[in-house]
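Peer 1: What follows is the file start.txt, containing compact mmCIF, N, CA and C atoms:
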# COMPACT_ATOMS: atom_id res chain seq x y z
N MET A 1 -9.32 5.73 14.23
CA MET A 1 -7.94 6.03 13.93
C MET A 1 -7.64 5.69 12.46
N LEU A 2 -8.19 4.60 11.97
CA LEU A 2 -7.98 4.20 10.59
C LEU A 2 -8.45 5.28 9.63
N SER A 3 -9.60 5.84 9.91
CA SER A 3 -10.16 6.89 9.07
C SER A 3 -9.28 8.14 9.08
N VAL A 4 -8.77 8.50 10.23
CA VAL A 4 -7.91 9.68 10.35
C VAL A 4 -6.63 9.48 9.55
N LEU A 5 -6.02 8.31 9.69
CA LEU A 5 -4.78 8.03 8.95
C LEU A 5 -5.03 8.03 7.45
N SER A 6 -6.12 7.44 7.03
CA SER A 6 -6.45 7.39 5.61
C SER A 6 -6.64 8.80 5.05
N ARG A 7 -7.32 9.65 5.79
CA ARG A 7 -7.51 11.04 5.34
C ARG A 7 -6.20 11.81 5.31
N ALA A 8 -5.30 11.52 6.25
CA ALA A 8 -3.98 12.19 6.26
C ALA A 8 -3.19 11.82 5.02
N ILE A 9 -3.24 10.56 4.62
CA ILE A 9 -2.55 10.12 3.41
C ILE A 9 -3.10 10.85 2.20
N GLU A 10 -4.42 10.89 2.09
CA GLU A 10 -5.06 11.52 0.94
C GLU A 10 -4.84 13.03 0.90
N ALA A 11 -4.70 13.66 2.05
CA ALA A 11 -4.48 15.10 2.09
C ALA A 11 -3.11 15.47 1.54
N ARG A 12 -2.14 14.58 1.67
CA ARG A 12 -0.79 14.85 1.18
C ARG A 12 -0.66 14.72 -0.33
N ASP A 13 -1.46 13.85 -0.91
CA ASP A 13 -1.28 13.53 -2.33
C ASP A 13 -2.64 13.54 -3.03
N PRO A 14 -2.90 14.56 -3.84
CA PRO A 14 -4.20 14.65 -4.52
C PRO A 14 -4.54 13.39 -5.32
N TYR A 15 -3.53 12.70 -5.85
CA TYR A 15 -3.76 11.48 -6.63
C TYR A 15 -4.49 10.43 -5.80
N THR A 16 -4.22 10.40 -4.51
CA THR A 16 -4.79 9.34 -3.68
C THR A 16 -6.20 9.63 -3.19
N ARG A 17 -6.75 10.79 -3.49
CA ARG A 17 -8.09 11.12 -3.01
C ARG A 17 -9.08 10.07 -3.48
N GLY A 18 -9.60 9.29 -2.58
CA GLY A 18 -10.53 8.22 -2.90
C GLY A 18 -9.86 6.95 -3.39
N HIS A 19 -8.58 7.02 -3.69
CA HIS A 19 -7.84 5.88 -4.23
C HIS A 19 -7.84 4.70 -3.26
N SER A 20 -7.51 4.94 -2.02
CA SER A 20 -7.42 3.84 -1.05
C SER A 20 -8.76 3.14 -0.86
N ALA A 21 -9.83 3.91 -0.83
CA ALA A 21 -11.17 3.31 -0.68
C ALA A 21 -11.53 2.47 -1.90
N ARG A 22 -11.21 2.97 -3.09
CA ARG A 22 -11.50 2.21 -4.31
C ARG A 22 -10.68 0.92 -4.37
N VAL A 23 -9.40 1.01 -4.04
CA VAL A 23 -8.52 -0.15 -4.05
C VAL A 23 -9.01 -1.18 -3.03
N THR A 24 -9.38 -0.71 -1.85
CA THR A 24 -9.84 -1.62 -0.80
C THR A 24 -11.12 -2.33 -1.22
N ALA A 25 -12.05 -1.59 -1.80
CA ALA A 25 -13.32 -2.20 -2.23
C ALA A 25 -13.09 -3.26 -3.30
N LEU A 26 -12.24 -2.95 -4.26
CA LEU A 26 -11.95 -3.91 -5.32
C LEU A 26 -11.22 -5.14 -4.76
N ALA A 27 -10.25 -4.92 -3.90
CA ALA A 27 -9.51 -6.04 -3.28
C ALA A 27 -10.44 -6.90 -2.44
N GLU A 28 -11.38 -6.27 -1.76
CA GLU A 28 -12.33 -7.04 -0.95
C GLU A 28 -13.20 -7.92 -1.85
N ALA A 29 -13.61 -7.40 -2.99
CA ALA A 29 -14.40 -8.21 -3.92
C ALA A 29 -13.60 -9.42 -4.40
N VAL A 30 -12.33 -9.21 -4.67
CA VAL A 30 -11.46 -10.32 -5.08
C VAL A 30 -11.31 -11.31 -3.94
N GLY A 31 -11.08 -10.81 -2.73
CA GLY A 31 -10.96 -11.68 -1.56
C GLY A 31 -12.21 -12.53 -1.35
N ARG A 32 -13.35 -11.92 -1.51
CA ARG A 32 -14.62 -12.67 -1.39
C ARG A 32 -14.71 -13.75 -2.46
N ALA A 33 -14.33 -13.41 -3.69
CA ALA A 33 -14.36 -14.38 -4.79
C ALA A 33 -13.40 -15.54 -4.52
N LEU A 34 -12.32 -15.26 -3.80
CA LEU A 34 -11.35 -16.30 -3.44
C LEU A 34 -11.80 -17.11 -2.23
N GLY A 35 -12.92 -16.71 -1.62
CA GLY A 35 -13.42 -17.44 -0.46
C GLY A 35 -12.74 -17.09 0.86
N TRP A 36 -12.19 -15.89 0.95
CA TRP A 36 -11.54 -15.48 2.18
C TRP A 36 -12.53 -15.44 3.33
N SER A 37 -12.05 -15.76 4.52
CA SER A 37 -12.87 -15.70 5.73
C SER A 37 -13.17 -14.24 6.08
N GLU A 38 -14.18 -14.05 6.91
CA GLU A 38 -14.51 -12.69 7.36
C GLU A 38 -13.34 -12.07 8.12
N GLU A 39 -12.60 -12.89 8.86
CA GLU A 39 -11.44 -12.39 9.61
C GLU A 39 -10.37 -11.86 8.64
N ARG A 40 -10.12 -12.60 7.59
CA ARG A 40 -9.13 -12.17 6.60
C ARG A 40 -9.61 -10.92 5.86
N LEU A 41 -10.90 -10.85 5.54
CA LEU A 41 -11.45 -9.67 4.89
C LEU A 41 -11.38 -8.45 5.82
N ALA A 42 -11.58 -8.68 7.11
CA ALA A 42 -11.48 -7.58 8.08
C ALA A 42 -10.05 -7.03 8.09
N SER A 43 -9.07 -7.92 8.01
CA SER A 43 -7.67 -7.50 7.95
C SER A 43 -7.41 -6.68 6.68
N LEU A 44 -7.99 -7.10 5.58
CA LEU A 44 -7.89 -6.36 4.32
C LEU A 44 -8.47 -4.96 4.46
N ARG A 45 -9.58 -4.85 5.18
CA ARG A 45 -10.22 -3.54 5.37
C ARG A 45 -9.38 -2.62 6.25
N VAL A 46 -8.38 -3.16 6.93
CA VAL A 46 -7.41 -2.34 7.66
C VAL A 46 -6.22 -2.03 6.74
N GLY A 47 -5.70 -3.05 6.08
CA GLY A 47 -4.52 -2.87 5.24
C GLY A 47 -4.75 -2.05 3.99
N GLY A 48 -5.90 -2.21 3.37
CA GLY A 48 -6.19 -1.48 2.13
C GLY A 48 -6.09 0.03 2.28
N PRO A 49 -6.81 0.61 3.23
CA PRO A 49 -6.75 2.07 3.37
C PRO A 49 -5.38 2.59 3.78
N LEU A 50 -4.55 1.72 4.36
CA LEU A 50 -3.24 2.15 4.84
C LEU A 50 -2.09 1.80 3.90
N HIS A 51 -2.38 1.19 2.75
CA HIS A 51 -1.29 0.67 1.94
C HIS A 51 -0.28 1.74 1.51
N ASP A 52 -0.69 2.99 1.42
CA ASP A 52 0.23 4.06 1.03
C ASP A 52 0.62 4.97 2.19
N ILE A 53 0.47 4.50 3.43
CA ILE A 53 0.78 5.35 4.59
C ILE A 53 2.23 5.83 4.58
N GLY A 54 3.11 5.06 4.00
CA GLY A 54 4.51 5.47 3.92
C GLY A 54 4.74 6.72 3.10
N LYS A 55 3.77 7.09 2.26
CA LYS A 55 3.90 8.32 1.48
C LYS A 55 3.90 9.55 2.37
N LEU A 56 3.49 9.39 3.62
CA LEU A 56 3.57 10.51 4.56
C LEU A 56 5.00 10.95 4.78
N THR A 57 5.97 10.08 4.49
CA THR A 57 7.38 10.40 4.69
C THR A 57 8.06 10.93 3.42
N VAL A 58 7.34 10.96 2.31
CA VAL A 58 7.90 11.42 1.04
C VAL A 58 7.73 12.94 0.95
N SER A 59 8.74 13.62 0.46
CA SER A 59 8.67 15.09 0.38
C SER A 59 7.54 15.53 -0.55
N ASP A 60 6.99 16.70 -0.24
CA ASP A 60 5.92 17.26 -1.08
C ASP A 60 6.39 17.48 -2.52
N GLU A 61 7.64 17.90 -2.68
CA GLU A 61 8.16 18.16 -4.01
C GLU A 61 8.11 16.90 -4.88
N VAL A 62 8.44 15.78 -4.29
CA VAL A 62 8.44 14.52 -5.03
C VAL A 62 7.02 13.99 -5.18
N LEU A 63 6.28 14.03 -4.11
CA LEU A 63 4.93 13.46 -4.10
C LEU A 63 4.01 14.17 -5.10
N ARG A 64 4.18 15.47 -5.22
CA ARG A 64 3.27 16.24 -6.08
C ARG A 64 3.90 16.66 -7.41
N LYS A 65 5.06 16.14 -7.70
CA LYS A 65 5.75 16.52 -8.94
C LYS A 65 4.96 16.04 -10.16
N GLU A 66 4.82 16.92 -11.11
CA GLU A 66 4.22 16.55 -12.38
C GLU A 66 5.33 16.08 -13.31
N GLY A 67 5.07 15.10 -14.11
CA GLY A 67 6.08 14.59 -15.03
C GLY A 67 6.91 13.48 -14.41
N GLU A 68 7.94 13.12 -15.12
CA GLU A 68 8.78 12.00 -14.70
C GLU A 68 9.64 12.36 -13.49
N LEU A 69 9.88 11.35 -12.67
CA LEU A 69 10.76 11.50 -11.53
C LEU A 69 12.18 11.14 -11.93
N ASP A 70 13.17 11.84 -11.36
CA ASP A 70 14.55 11.44 -11.61
C ASP A 70 14.89 10.25 -10.71
N ALA A 71 16.08 9.71 -10.85
CA ALA A 71 16.46 8.49 -10.13
C ALA A 71 16.35 8.67 -8.61
N GLY A 72 16.79 9.79 -8.09
CA GLY A 72 16.73 10.04 -6.65
C GLY A 72 15.30 10.16 -6.15
N GLU A 73 14.46 10.82 -6.93
CA GLU A 73 13.06 10.97 -6.56
C GLU A 73 12.33 9.63 -6.61
N LEU A 74 12.64 8.85 -7.62
CA LEU A 74 12.04 7.52 -7.74
C LEU A 74 12.44 6.65 -6.55
N GLU A 75 13.68 6.76 -6.13
CA GLU A 75 14.14 6.00 -4.97
C GLU A 75 13.36 6.41 -3.71
N GLN A 76 13.10 7.71 -3.57
CA GLN A 76 12.33 8.19 -2.43
C GLN A 76 10.92 7.58 -2.43
N ILE A 77 10.28 7.55 -3.59
CA ILE A 77 8.95 6.95 -3.70
C ILE A 77 9.01 5.46 -3.38
N ARG A 78 10.05 4.80 -3.85
CA ARG A 78 10.17 3.35 -3.64
C ARG A 78 10.44 2.97 -2.19
N GLU A 79 10.74 3.94 -1.37
CA GLU A 79 10.95 3.69 0.06
C GLU A 79 9.64 3.71 0.85
N HIS A 80 8.54 4.17 0.22
CA HIS A 80 7.31 4.34 1.00
C HIS A 80 6.76 3.04 1.58
N PRO A 81 6.91 1.87 0.95
CA PRO A 81 6.42 0.66 1.61
C PRO A 81 7.17 0.35 2.91
N LYS A 82 8.50 0.51 2.90
CA LYS A 82 9.28 0.26 4.12
C LYS A 82 8.93 1.29 5.19
N ALA A 83 8.81 2.54 4.79
CA ALA A 83 8.47 3.60 5.75
C ALA A 83 7.10 3.33 6.37
N GLY A 84 6.16 2.89 5.54
CA GLY A 84 4.83 2.58 6.06
C GLY A 84 4.85 1.43 7.04
N ALA A 85 5.61 0.40 6.74
CA ALA A 85 5.72 -0.74 7.66
C ALA A 85 6.32 -0.30 9.00
N LYS A 86 7.32 0.58 8.95
CA LYS A 86 7.93 1.09 10.19
C LYS A 86 6.92 1.87 11.02
N ILE A 87 6.08 2.65 10.36
CA ILE A 87 5.04 3.40 11.08
C ILE A 87 4.10 2.43 11.78
N LEU A 88 3.66 1.39 11.06
CA LEU A 88 2.69 0.44 11.62
C LEU A 88 3.28 -0.43 12.71
N LEU A 89 4.58 -0.67 12.67
CA LEU A 89 5.22 -1.46 13.73
C LEU A 89 5.04 -0.80 15.10
N ARG A 90 4.91 0.52 15.10
CA ARG A 90 4.74 1.26 16.35
C ARG A 90 3.31 1.20 16.89
N MET A 91 2.37 0.70 16.07
CA MET A 91 0.96 0.66 16.47
C MET A 91 0.49 -0.79 16.47
N SER A 92 0.47 -1.39 17.62
CA SER A 92 0.16 -2.83 17.69
C SER A 92 -1.21 -3.16 17.11
N SER A 93 -2.17 -2.28 17.19
CA SER A 93 -3.50 -2.57 16.67
C SER A 93 -3.56 -2.56 15.14
N LEU A 94 -2.51 -2.06 14.49
CA LEU A 94 -2.50 -1.98 13.03
C LEU A 94 -1.45 -2.88 12.39
N ARG A 95 -0.76 -3.67 13.17
CA ARG A 95 0.31 -4.51 12.62
C ARG A 95 -0.18 -5.51 11.58
N GLU A 96 -1.45 -5.91 11.67
CA GLU A 96 -1.99 -6.85 10.69
C GLU A 96 -1.96 -6.28 9.27
N ALA A 97 -1.81 -4.97 9.16
CA ALA A 97 -1.78 -4.32 7.85
C ALA A 97 -0.40 -4.36 7.20
N ILE A 98 0.61 -4.77 7.93
CA ILE A 98 1.99 -4.71 7.42
C ILE A 98 2.18 -5.46 6.10
N PRO A 99 1.67 -6.67 5.91
CA PRO A 99 1.89 -7.33 4.60
C PRO A 99 1.32 -6.52 3.43
N TYR A 100 0.20 -5.87 3.64
CA TYR A 100 -0.41 -5.04 2.59
C TYR A 100 0.48 -3.84 2.27
N VAL A 101 0.97 -3.21 3.32
CA VAL A 101 1.76 -1.99 3.19
C VAL A 101 3.15 -2.28 2.63
N LEU A 102 3.81 -3.27 3.17
CA LEU A 102 5.20 -3.54 2.83
C LEU A 102 5.37 -4.16 1.45
N PHE A 103 4.44 -4.99 1.04
CA PHE A 103 4.67 -5.77 -0.18
C PHE A 103 3.74 -5.43 -1.36
N HIS A 104 2.96 -4.37 -1.27
CA HIS A 104 1.99 -4.11 -2.34
C HIS A 104 2.60 -3.65 -3.66
N HIS A 105 3.91 -3.36 -3.69
CA HIS A 105 4.58 -3.00 -4.95
C HIS A 105 5.54 -4.09 -5.43
N GLU A 106 5.49 -5.25 -4.81
CA GLU A 106 6.27 -6.38 -5.32
C GLU A 106 5.60 -6.88 -6.58
N ARG A 107 6.35 -7.56 -7.43
CA ARG A 107 5.82 -8.04 -8.71
C ARG A 107 6.10 -9.53 -8.85
N TRP A 108 5.21 -10.22 -9.50
CA TRP A 108 5.31 -11.67 -9.69
C TRP A 108 6.68 -12.05 -10.26
N ASP A 109 7.21 -11.21 -11.18
CA ASP A 109 8.48 -11.53 -11.83
C ASP A 109 9.70 -11.11 -11.01
N GLY A 110 9.48 -10.53 -9.84
CA GLY A 110 10.58 -10.13 -8.96
C GLY A 110 11.12 -8.74 -9.23
N ASP A 111 10.52 -8.01 -10.15
CA ASP A 111 10.99 -6.67 -10.50
C ASP A 111 10.37 -5.56 -9.65
N GLY A 112 9.62 -5.93 -8.63
CA GLY A 112 8.98 -4.92 -7.78
C GLY A 112 9.90 -4.43 -6.68
N TYR A 113 9.33 -3.70 -5.75
CA TYR A 113 10.08 -3.16 -4.63
C TYR A 113 9.21 -3.21 -3.38
N PRO A 114 9.76 -3.19 -2.20
CA PRO A 114 11.13 -2.84 -1.86
C PRO A 114 12.11 -4.01 -1.80
N SER A 115 11.66 -5.24 -1.79
CA SER A 115 12.58 -6.36 -1.56
C SER A 115 12.80 -7.27 -2.76
N GLY A 116 12.10 -7.05 -3.87
CA GLY A 116 12.29 -7.88 -5.04
C GLY A 116 11.76 -9.29 -4.89
N LYS A 117 10.77 -9.46 -4.00
CA LYS A 117 10.15 -10.78 -3.86
C LYS A 117 9.46 -11.15 -5.17
N ALA A 118 9.35 -12.45 -5.39
CA ALA A 118 8.73 -12.92 -6.64
C ALA A 118 7.75 -14.04 -6.33
N GLY A 119 6.76 -14.17 -7.22
CA GLY A 119 5.83 -15.29 -7.15
C GLY A 119 5.20 -15.45 -5.78
N GLU A 120 5.20 -16.69 -5.32
CA GLU A 120 4.54 -16.99 -4.05
C GLU A 120 5.31 -16.53 -2.82
N GLN A 121 6.50 -15.94 -3.02
CA GLN A 121 7.20 -15.30 -1.90
C GLN A 121 6.42 -14.07 -1.42
N ILE A 122 5.64 -13.50 -2.31
CA ILE A 122 4.84 -12.32 -1.98
C ILE A 122 3.59 -12.81 -1.25
N PRO A 123 3.31 -12.25 -0.07
CA PRO A 123 2.10 -12.68 0.64
C PRO A 123 0.86 -12.50 -0.24
N LEU A 124 -0.06 -13.46 -0.15
CA LEU A 124 -1.28 -13.41 -0.96
C LEU A 124 -2.03 -12.10 -0.76
N GLU A 125 -2.07 -11.62 0.48
CA GLU A 125 -2.75 -10.35 0.76
C GLU A 125 -2.20 -9.23 -0.11
N ALA A 126 -0.88 -9.16 -0.21
CA ALA A 126 -0.25 -8.11 -1.00
C ALA A 126 -0.49 -8.31 -2.49
N ARG A 127 -0.54 -9.57 -2.94
CA ARG A 127 -0.80 -9.84 -4.36
C ARG A 127 -2.20 -9.36 -4.74
N VAL A 128 -3.16 -9.65 -3.89
CA VAL A 128 -4.54 -9.23 -4.17
C VAL A 128 -4.62 -7.70 -4.17
N LEU A 129 -4.00 -7.07 -3.19
CA LEU A 129 -4.03 -5.60 -3.13
C LEU A 129 -3.30 -4.98 -4.32
N ALA A 130 -2.20 -5.57 -4.74
CA ALA A 130 -1.45 -5.04 -5.89
C ALA A 130 -2.28 -5.09 -7.15
N ILE A 131 -3.03 -6.15 -7.34
CA ILE A 131 -3.90 -6.26 -8.52
C ILE A 131 -4.97 -5.15 -8.48
N ALA A 132 -5.58 -4.99 -7.32
CA ALA A 132 -6.60 -3.94 -7.18
C ALA A 132 -5.99 -2.55 -7.37
N ASP A 133 -4.79 -2.35 -6.85
CA ASP A 133 -4.10 -1.07 -6.96
C ASP A 133 -3.77 -0.75 -8.42
N ALA A 134 -3.33 -1.75 -9.16
CA ALA A 134 -3.00 -1.55 -10.57
C ALA A 134 -4.24 -1.30 -11.41
N PHE A 135 -5.34 -1.95 -11.06
CA PHE A 135 -6.57 -1.81 -11.81
C PHE A 135 -7.14 -0.43 -11.63
Can you turn what I pasted into structure tokens?
Peer 2:
Amino acid sequence: MLSVLSRAIEARDPYTRGHSARVTALAEAVGRALGWSEERLASLRVGGPLHDIGKLTVSDEVLRKEGELDAGELEQIREHPKAGAKILLRMSSLREAIPYVLFHHERWDGDGYPSGKAGEQIPLEARVLAIADAF
């Protein structure tokens, strides 16, 4: 099921083709360097590929738009972490991925989205994934 969902995300947005796998691999390397347990790494291998699942709810016009997004379009994109978390809440076997999905766009300084969490308020899982995603 994880593979099917990951492919569905990538099919909607050409930018993401291979993106989730690359982000997951890099985040896993960071997790290993931090001494994460195999259980925590296994959770990362679920959350990483699904971190952009909320983009399934973003319109094609916005998702595939070339150039800058206007304020309304940007707001639509910024809703994808919440939308992704709502999707995963319906699937008990994937709920462990929620911190990765919901908080991967938060920023240490509090300027991220969707909730404006800052510093250690952001779950470590999401901080590691955000670093890998940015890289």
Peer 1: Counting only C-alpha atoms, select every polymer residue within 10 Å of (-0.6, -1.2, 8.4) as defined in the file's coordinates, and provide the selection as a ChimeraX atom specification.
Peer 2: /A:2,43-44,46-54,81,84-102
Peer 1: Which is closest to Glu73 in chain A among A:Leu56, A:Leu26, A:Glu61, A:Ser20, if we use all atoms listed in the file?
Peer 2: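 Distance minimum relative to Glu73 in chain A lands on A:Glu61.
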Peer 1: When distances are computed from only N, CA and C atoms, which of A:Leu129, A:Ala83, A:Ala11, A:Glu28 shows the smallest separation from His105 in chain A?
Peer 2: A:Leu129
Peer 1: For Glu75 in chain A, which of A:Tyr113, A:Leu124, A:Ala130, A:Trp108 is the closest residue, counting only C-alpha atoms?
Peer 2: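 Selected residue with least distance to Glu75 in chain A: A:Tyr113.
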Peer 1: What's the separation between CA of Gly31 in chain A and CA of Ile131 in chain A, in Å to one decimal place?
Peer 2: 11.3 Å
Peer 1: Neighbouring residues of Lys117 in chain A were defined as those with any atom within 8 Å, considering all atoms listed in the file; residues of the same chain fewer than 4 positions away were excluded. Please report them as a ChimeraX atom specification.
Peer 2: /A:105-113,121-123
Peer 1: Looking at all atoms listed in the file, which of A:Arg45, A:Arg40, A:Lys55, A:Arg32 is the one that sits closest to Arg12 in chain A?
Peer 2: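 Closest to Arg12 in chain A, using all atoms listed in the file: A:Lys55.
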Peer 1: Please, what distance in Å, to one decimal, runs between atom N of Phe135 in chain A and CA of Val23 in chain A?
Peer 2: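 Value for the atom N of Phe135 in chain A-CA of Val23 in chain A distance: 7.9 Å.
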